[in-house]
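A short write-up of the structure that comes next.
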Amino acid sequence: METQLDPMKDDLPLMANTSYMLLKHYVLDLDVDFKSKVIEGSIVLFFETGSQYRKTISAGKECCQSQFDETCEMRASEPCHIPMINVSTCSSKTECNDFAVSGKEEEATSDENSNHSNNEQASGISSSKDCCDIEDHGNKDFLLVLDCCDLSVLKVEEVDVAAVSGIEKFTRSAELAGVSKELENLRNRIVHELVTLPADRWKEQLYYFTHCSQAPGCGELLFTTGTWSLEIRKSGIQSPADFPHAIRIWYKTKPEGRSVTWTTDQSGRPCVYTMGSPINNRALFPCQEPPIALSTWQASVRTAAGFVVLMSGENSAEPVQLREGILSWYYYVSMPMPASTFTIAVGCWQEVKQQSFKQKAAIGTNTEFALPSSQTDLRWHEEICGHVEYPCRFQNPAARLQAVIPYRVFAPWCLMESCEEYLLQLVPQCLSAAYATLGTHPFSRLDILIVPSNFSSLGMASPHIIFLSQSVLPGGSHLCGTRLCHEIAHAWFGLAIGARDWTEEWISEGFATFLEDIFWARAQQQLSHDEIKEQQELKALLRWRRLRDEVQNSEEELQVLRPKKESTGEVSESGASVVKYGLRAEKNFMQVHYLKGYFLLRSLARKIGEVSYLASLRKFVVKFHGQLVLSQDFLSMLLEDIPKQKQSGLTVESIFQNWLDTSGIPKPLLEEGETWKECQLVQQVSGEVTKWIQTNRRIRKSGKKKMKQDEVVFQQLLPDQLVLLLEFLLEEKTLCPRILQCLERTYQLRGQDAEVRHRWCELVIKHKYEPGYGDIERFLREDQAMGVYLYGELMVNEDAKQQELARKCFAAAQEHMDASSAKVVAEMLF
């Protein structure tokens, strides 16, 4: 009996029993219907027996060749197009040229269309008494548990992979006695051979995954759905090793499902996308959520003509017309990843392109970056990778020299010009900077999509695709470039290297925040070393102030980077676990994991020296890419590389104690608090703040409504300097309306980036500056990724006009708002 949790309050349960059966590959075959706001179709899952119940499957002596000669029946009513892949290098004697296979397999409802009907089983939902205890097998049926939420599961069936033409090549080591038991074992043996093919046969593997996924069903399986899981069993099967290792699930999503959001883009056209939900993808397809379930996938997605399907995939998919008005898009990945990293976006996106001479110039300029310590890096690359076998770019000589991977930028039609202005030019610069810092790009290509305004973050990285908020586009290149660098950094930290325990999200976000500064500094080639250091010190001060404010205004339990402490990484015998505080809505808007993680890494870099530190990062990437890690994996390796005289008592345990296992601001960081005042950029801001405060006092004292323009000369400031200036001015008790008007005009605040405009809106709210209320309304409409905090400010002032403005903006945005954002704002307003 599964635990009933409040889906908007408690820890996030990871229910899948991965220790018994481990998912290795997904094949999705889906239709996207914007009228009903439903994604419907099937998913075929290929398993290996899990570590707890792995056993050798003995083979019989006789071979039932008749099973190999059968071909799967295809349904022609809605063809599924799979692009042709050249498998001429495969060792197969089977004809592989015609790889465009049509159709989804007919639903198995009788003996006529099912090779191995299982008539004694009844499809549908079993009662609770049919479900066995997953911890105690005894004489009860084995129960497969998948993570699942907000899905309508229609049917579950075993897939007869033995019926696929040419599949006998995977059964040469297994012989049959001809009875049902051995036939079931044969199917599992085929799946085992298929999922364990060596990396150099990945094309052949993908080919047979496709054909096996279209094979007929051979018996329906009993299933039941709960709040957080889908539980499946086969009558009489008591061991995971004997349970079907290839199953097909027919299902459809629900319009209110929390893994995807149905909305309209900035041009008013319908779209749907995965927005980084706290429940991840379990409301998009049944899956195994625990990070250990690293799997590959392939997907065919059909939708109406005019829509573009973008997805986590190695290939840049081109649509194929199935029939009039319907297009099919096909993507695949060969690098095993957690199911939570799967991303899809379907909409009327337009590709943003630039003239070819500009593109060549941009790439030509940025490939001048040299990879530091290249000889050392190449020696590391020659080592055998530590991950499970897949076609790894770190072992590919051409990939190792690729400073800029192929990229595309997509946006709604109305934002194409904004993307051309800065974003398109920044992509090759930031990719080259990342390569110069960390080396080989883990992924072969990159799509970047400007997502709808209801996106609750500034960016989100997934394999081969990055989502960016429209908020990064206005106000110059600074916010756009830094955020792009942050998301690109996730290719290494967060994706290629993942946290074994999701509560340690600092491993992803702390590293990305730290590397964001390194990448951006290298992308701005015109800056001197001193200018770069000044900018980074200014950024550190802004982050310090943000961390200080967050620590003061959040619950202590949410401030700990390793909340499970010594239990981090532990799971139950079945493989199930929980993500502590994973469903706390307010946690989505906290940055403590970004900031404390950043300051830890910054502290280590300062202690070791940046050159040595970045060399250690590259070494860590080469050693651990394609794997899951805990904090101690990184810290232990780093400390091994530090000369003893530099360690000065630094140990993994002391880092846990001072940085990761406690709430509040870390003690080592408190000791550093005053050093930023020496930064020239900060001193310049302090001087400007003094001018504004003095001018404000003069105006208030004299009572003049106008200020002569030549009385005070204000200096031009960088975007981060403007943020700091406005934060300092927020600390002033009173600023008169004339000063606020002059402030906006002097720095053209309405045209600045979203970080600056957010502080401007805070000033407007604090001083009840009514001419600026339109700026607040615009911000809450167009910058939803950053606007949640402003709702609270509007309500706290207890001003009737401001509260009315908050409710008006929320009423306009609520329908399409992210669920977590809407919940937090509603609690502020009502």
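Ordered as shown in the structure tokens, chains take letters A, B, and onward, while each chain numbers its residues from 1 and ligands are numbered from 1 in the order shown.
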Open item on the list: Need the shell around range 538-555 of chain A: protein/DNA/RNA residues with any atom at most 8 Å away, counting only C-alpha atoms. Skip same-chain ones fewer than 5 positions apart. Format as JSON, numbers by chain?
Closed with: {"A": [590, 591, 592, 595, 596, 664, 665, 676, 679, 681, 682, 720, 721, 724]}
Task: Distance query Phe47 in chain A at most 7 Å, only C-alpha atoms, self and fewer than 2 positions along chain excluded, as a list in words - done: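 My reading of the contact set: Met21, Leu22, Leu23, Lys24, Leu45, Thr49, His245 and Ala246 of chain A.
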Would you put the residues from that selection into a file with N, CA, C and O atoms, as a PDB file, in the first residue's frame?
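selection_19.pdb, freshly written:
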```
ATOM      1  N   MET A  21      14.019  -4.449 -10.968  1.00  0.00           N
ATOM      2  CA  MET A  21      14.051  -4.345 -12.431  1.00  0.00           C
ATOM      3  C   MET A  21      14.490  -2.935 -12.791  1.00  0.00           C
ATOM      4  O   MET A  21      13.952  -1.958 -12.267  1.00  0.00           O
ATOM      5  N   LEU A  22      15.467  -2.853 -13.693  1.00  0.00           N
ATOM      6  CA  LEU A  22      16.052  -1.565 -14.047  1.00  0.00           C
ATOM      7  C   LEU A  22      15.748  -1.243 -15.509  1.00  0.00           C
ATOM      8  O   LEU A  22      16.088  -2.003 -16.409  1.00  0.00           O
ATOM      9  N   LEU A  23      15.114  -0.105 -15.736  1.00  0.00           N
ATOM     10  CA  LEU A  23      14.743   0.301 -17.086  1.00  0.00           C
ATOM     11  C   LEU A  23      15.983   0.734 -17.866  1.00  0.00           C
ATOM     12  O   LEU A  23      16.798   1.509 -17.374  1.00  0.00           O
ATOM     13  N   LYS A  24      16.090   0.254 -19.101  1.00  0.00           N
ATOM     14  CA  LYS A  24      17.264   0.566 -19.928  1.00  0.00           C
ATOM     15  C   LYS A  24      16.925   1.389 -21.170  1.00  0.00           C
ATOM     16  O   LYS A  24      17.782   2.102 -21.678  1.00  0.00           O
ATOM     17  N   LEU A  45       8.768  -0.341 -22.786  1.00  0.00           N
ATOM     18  CA  LEU A  45       9.854  -0.291 -21.822  1.00  0.00           C
ATOM     19  C   LEU A  45      10.678  -1.571 -21.910  1.00  0.00           C
ATOM     20  O   LEU A  45      10.123  -2.678 -21.923  1.00  0.00           O
ATOM     21  N   THR A  49      17.125  -7.236 -15.321  1.00  0.00           N
ATOM     22  CA  THR A  49      16.885  -7.634 -13.940  1.00  0.00           C
ATOM     23  C   THR A  49      17.765  -6.789 -13.026  1.00  0.00           C
ATOM     24  O   THR A  49      18.939  -6.591 -13.291  1.00  0.00           O
ATOM     25  N   HIS A 245      10.420  -8.592 -19.692  1.00  0.00           N
ATOM     26  CA  HIS A 245      11.409  -7.518 -19.748  1.00  0.00           C
ATOM     27  C   HIS A 245      11.135  -6.519 -20.872  1.00  0.00           C
ATOM     28  O   HIS A 245      11.906  -5.572 -21.056  1.00  0.00           O
ATOM     29  N   ALA A 246      10.070  -6.742 -21.614  1.00  0.00           N
ATOM     30  CA  ALA A 246       9.616  -5.771 -22.612  1.00  0.00           C
ATOM     31  C   ALA A 246       8.101  -5.661 -22.475  1.00  0.00           C
ATOM     32  O   ALA A 246       7.388  -6.637 -22.710  1.00  0.00           O
TER      33      ALA A 246
END
```
Task: Between CA of Val764 in chain A and CA of Asn454 in chain A, distance in Å (one decimal) - done: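 These two atoms are separated by 23.3 Å.
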Task: Backbone DSSP call of alpha helix (DSSP H) for range 157-341 of chain A, listed as a PyMOL selection string - done: chain A and resi 180-195+202-213
Suppose we keep C-alpha atoms; can you now write the selection as a PDB file, in the first residue's frame?
```pdb
ATOM      1  CA  SER A 180       5.861 -21.729 -22.413  1.00  0.00           C
ATOM      2  CA  LYS A 181       8.380 -21.196 -19.592  1.00  0.00           C
ATOM      3  CA  GLU A 182      11.343 -21.383 -21.930  1.00  0.00           C
ATOM      4  CA  LEU A 183       9.619 -19.105 -24.452  1.00  0.00           C
ATOM      5  CA  GLU A 184       9.169 -16.471 -21.770  1.00  0.00           C
ATOM      6  CA  ASN A 185      12.832 -16.824 -20.833  1.00  0.00           C
ATOM      7  CA  LEU A 186      13.782 -16.511 -24.506  1.00  0.00           C
ATOM      8  CA  ARG A 187      12.031 -13.152 -24.780  1.00  0.00           C
ATOM      9  CA  ASN A 188      13.871 -11.900 -21.712  1.00  0.00           C
ATOM     10  CA  ARG A 189      17.142 -13.264 -23.091  1.00  0.00           C
ATOM     11  CA  ILE A 190      16.572 -11.362 -26.321  1.00  0.00           C
ATOM     12  CA  VAL A 191      15.990  -8.149 -24.392  1.00  0.00           C
ATOM     13  CA  HIS A 192      19.107  -8.795 -22.303  1.00  0.00           C
ATOM     14  CA  GLU A 193      21.249  -9.298 -25.387  1.00  0.00           C
ATOM     15  CA  LEU A 194      19.752  -6.207 -26.995  1.00  0.00           C
ATOM     16  CA  VAL A 195      20.245  -3.802 -24.075  1.00  0.00           C
ATOM     17  CA  TRP A 202      24.341   1.423 -31.242  1.00  0.00           C
ATOM     18  CA  LYS A 203      22.718   1.898 -34.669  1.00  0.00           C
ATOM     19  CA  GLU A 204      21.892  -1.784 -34.871  1.00  0.00           C
ATOM     20  CA  GLN A 205      20.586  -1.625 -31.316  1.00  0.00           C
ATOM     21  CA  LEU A 206      18.318   1.299 -32.165  1.00  0.00           C
ATOM     22  CA  TYR A 207      17.065  -0.538 -35.237  1.00  0.00           C
ATOM     23  CA  TYR A 208      16.003  -3.581 -33.207  1.00  0.00           C
ATOM     24  CA  PHE A 209      14.558  -1.481 -30.392  1.00  0.00           C
ATOM     25  CA  THR A 210      12.306   0.053 -33.041  1.00  0.00           C
ATOM     26  CA  HIS A 211      11.202  -3.296 -34.469  1.00  0.00           C
ATOM     27  CA  CYS A 212      10.749  -4.885 -31.056  1.00  0.00           C
ATOM     28  CA  SER A 213       8.592  -1.959 -29.961  1.00  0.00           C
TER      29      SER A 213
END
```
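Every protein, DNA or RNA residue with an atom at most 10 Å from Met335 in chain A, where only C-alpha atoms count and chain neighbours fewer than 3 positions away do not, is listed here: Ala199, Leu294, Ser295, Thr296, Trp297, Gly313, Glu314, Tyr332, Val388, Glu389, Tyr390, Pro391, Cys392, Arg393, Pro442, Phe443, Pro463, Ala496 and Gly626 of chain A.
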TODO: Report the distance between CA of Phe46 in chain A and CA of Lys169 in chain A in Å, rounded to one decimal place.
DONE: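 Computed distance, CA of Phe46 in chain A to CA of Lys169 in chain A, equals 17.9 Å.
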Task: For CA of Ala806 in chain A and CA of Tyr594 in chain A, the interatomic separation in Å (one decimal) - done: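 A separation of 28.5 Å between them.
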- [ ] Skip Thr482 in chain A itself and residues of its chain fewer than 2 positions away, then list as a list in words all residues within 9 Å of it, counting only C-alpha atoms.
- [x] Cys430, Ser477, His478, Leu479, Cys480, Leu484, Cys485, His486, Glu487, Glu516, Asp517, Phe519 and Trp520 of chain A
TODO: Would you list, as a PyMOL selection string, the residues of range 237-390 of chain A that end up in strand (DSSP E) under DSSP run on this structure's backbone?
DONE: chain A and resi 246-253+260-264+270-274+295-304+308-311+320-323+326-337+344-347+350-352
Open item on the list: List the spatial neighbours of Glu420 in chain A as a PyMOL selection string - criterion: any atom at most 8 Å away, only C-alpha atoms, same-chain residues fewer than 6 positions off excluded.
Closed with: chain A and resi 352-354
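Across A:Val723, A:Val560, A:Ala576, A:Ile497, the tightest approach to Gln657 in chain A is made by A:Val560 when counting only C-alpha atoms.
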Open item on the list: If we count only C-alpha atoms and set the cut-off at 7 Å, which residues sit around Leu28 in chain A, ignoring sequence neighbours fewer than 3 positions away in its own chain? Please answer as a PyMOL selection string.
Closed with: chain A and resi 42-44+298-300
Those residues you just picked out, can you put them in a file as a PDB file, in the first residue's frame with all heavy atoms?
```
ATOM      1  N   SER A  42       1.484   5.155 -26.871  1.00  0.00           N
ATOM      2  CA  SER A  42       2.040   4.011 -26.146  1.00  0.00           C
ATOM      3  C   SER A  42       3.508   4.256 -25.833  1.00  0.00           C
ATOM      4  O   SER A  42       4.179   5.076 -26.466  1.00  0.00           O
ATOM      5  CB  SER A  42       1.899   2.728 -26.972  1.00  0.00           C
ATOM      6  OG  SER A  42       2.737   2.781 -28.119  1.00  0.00           O
ATOM      7  N   ILE A  43       3.985   3.528 -24.845  1.00  0.00           N
ATOM      8  CA  ILE A  43       5.399   3.531 -24.510  1.00  0.00           C
ATOM      9  C   ILE A  43       5.814   2.086 -24.291  1.00  0.00           C
ATOM     10  O   ILE A  43       5.102   1.312 -23.629  1.00  0.00           O
ATOM     11  CB  ILE A  43       5.688   4.392 -23.260  1.00  0.00           C
ATOM     12  CG1 ILE A  43       7.190   4.438 -22.966  1.00  0.00           C
ATOM     13  CG2 ILE A  43       4.910   3.903 -22.046  1.00  0.00           C
ATOM     14  CD1 ILE A  43       7.561   5.473 -21.906  1.00  0.00           C
ATOM     15  N   VAL A  44       6.913   1.673 -24.890  1.00  0.00           N
ATOM     16  CA  VAL A  44       7.453   0.331 -24.700  1.00  0.00           C
ATOM     17  C   VAL A  44       8.702   0.456 -23.843  1.00  0.00           C
ATOM     18  O   VAL A  44       9.585   1.275 -24.119  1.00  0.00           O
ATOM     19  CB  VAL A  44       7.770  -0.355 -26.038  1.00  0.00           C
ATOM     20  CG1 VAL A  44       8.395  -1.726 -25.806  1.00  0.00           C
ATOM     21  CG2 VAL A  44       6.497  -0.481 -26.870  1.00  0.00           C
ATOM     22  N   GLN A 298      13.917   6.795 -27.457  1.00  0.00           N
ATOM     23  CA  GLN A 298      13.601   7.249 -28.799  1.00  0.00           C
ATOM     24  C   GLN A 298      12.111   7.557 -28.808  1.00  0.00           C
ATOM     25  O   GLN A 298      11.339   6.965 -28.042  1.00  0.00           O
ATOM     26  CB  GLN A 298      13.951   6.192 -29.852  1.00  0.00           C
ATOM     27  CG  GLN A 298      13.196   4.878 -29.692  1.00  0.00           C
ATOM     28  CD  GLN A 298      13.767   3.769 -30.554  1.00  0.00           C
ATOM     29  OE1 GLN A 298      14.580   2.981 -30.102  1.00  0.00           O
ATOM     30  NE2 GLN A 298      13.318   3.696 -31.806  1.00  0.00           N
ATOM     31  N   ALA A 299      11.708   8.505 -29.636  1.00  0.00           N
ATOM     32  CA  ALA A 299      10.304   8.929 -29.609  1.00  0.00           C
ATOM     33  C   ALA A 299       9.851   9.368 -30.989  1.00  0.00           C
ATOM     34  O   ALA A 299      10.568  10.095 -31.688  1.00  0.00           O
ATOM     35  CB  ALA A 299      10.114  10.062 -28.605  1.00  0.00           C
ATOM     36  N   SER A 300       8.663   8.921 -31.359  1.00  0.00           N
ATOM     37  CA  SER A 300       7.973   9.423 -32.541  1.00  0.00           C
ATOM     38  C   SER A 300       6.771  10.221 -32.060  1.00  0.00           C
ATOM     39  O   SER A 300       5.959   9.711 -31.285  1.00  0.00           O
ATOM     40  CB  SER A 300       7.504   8.272 -33.441  1.00  0.00           C
ATOM     41  OG  SER A 300       8.612   7.570 -33.956  1.00  0.00           O
TER      42      SER A 300
END
```
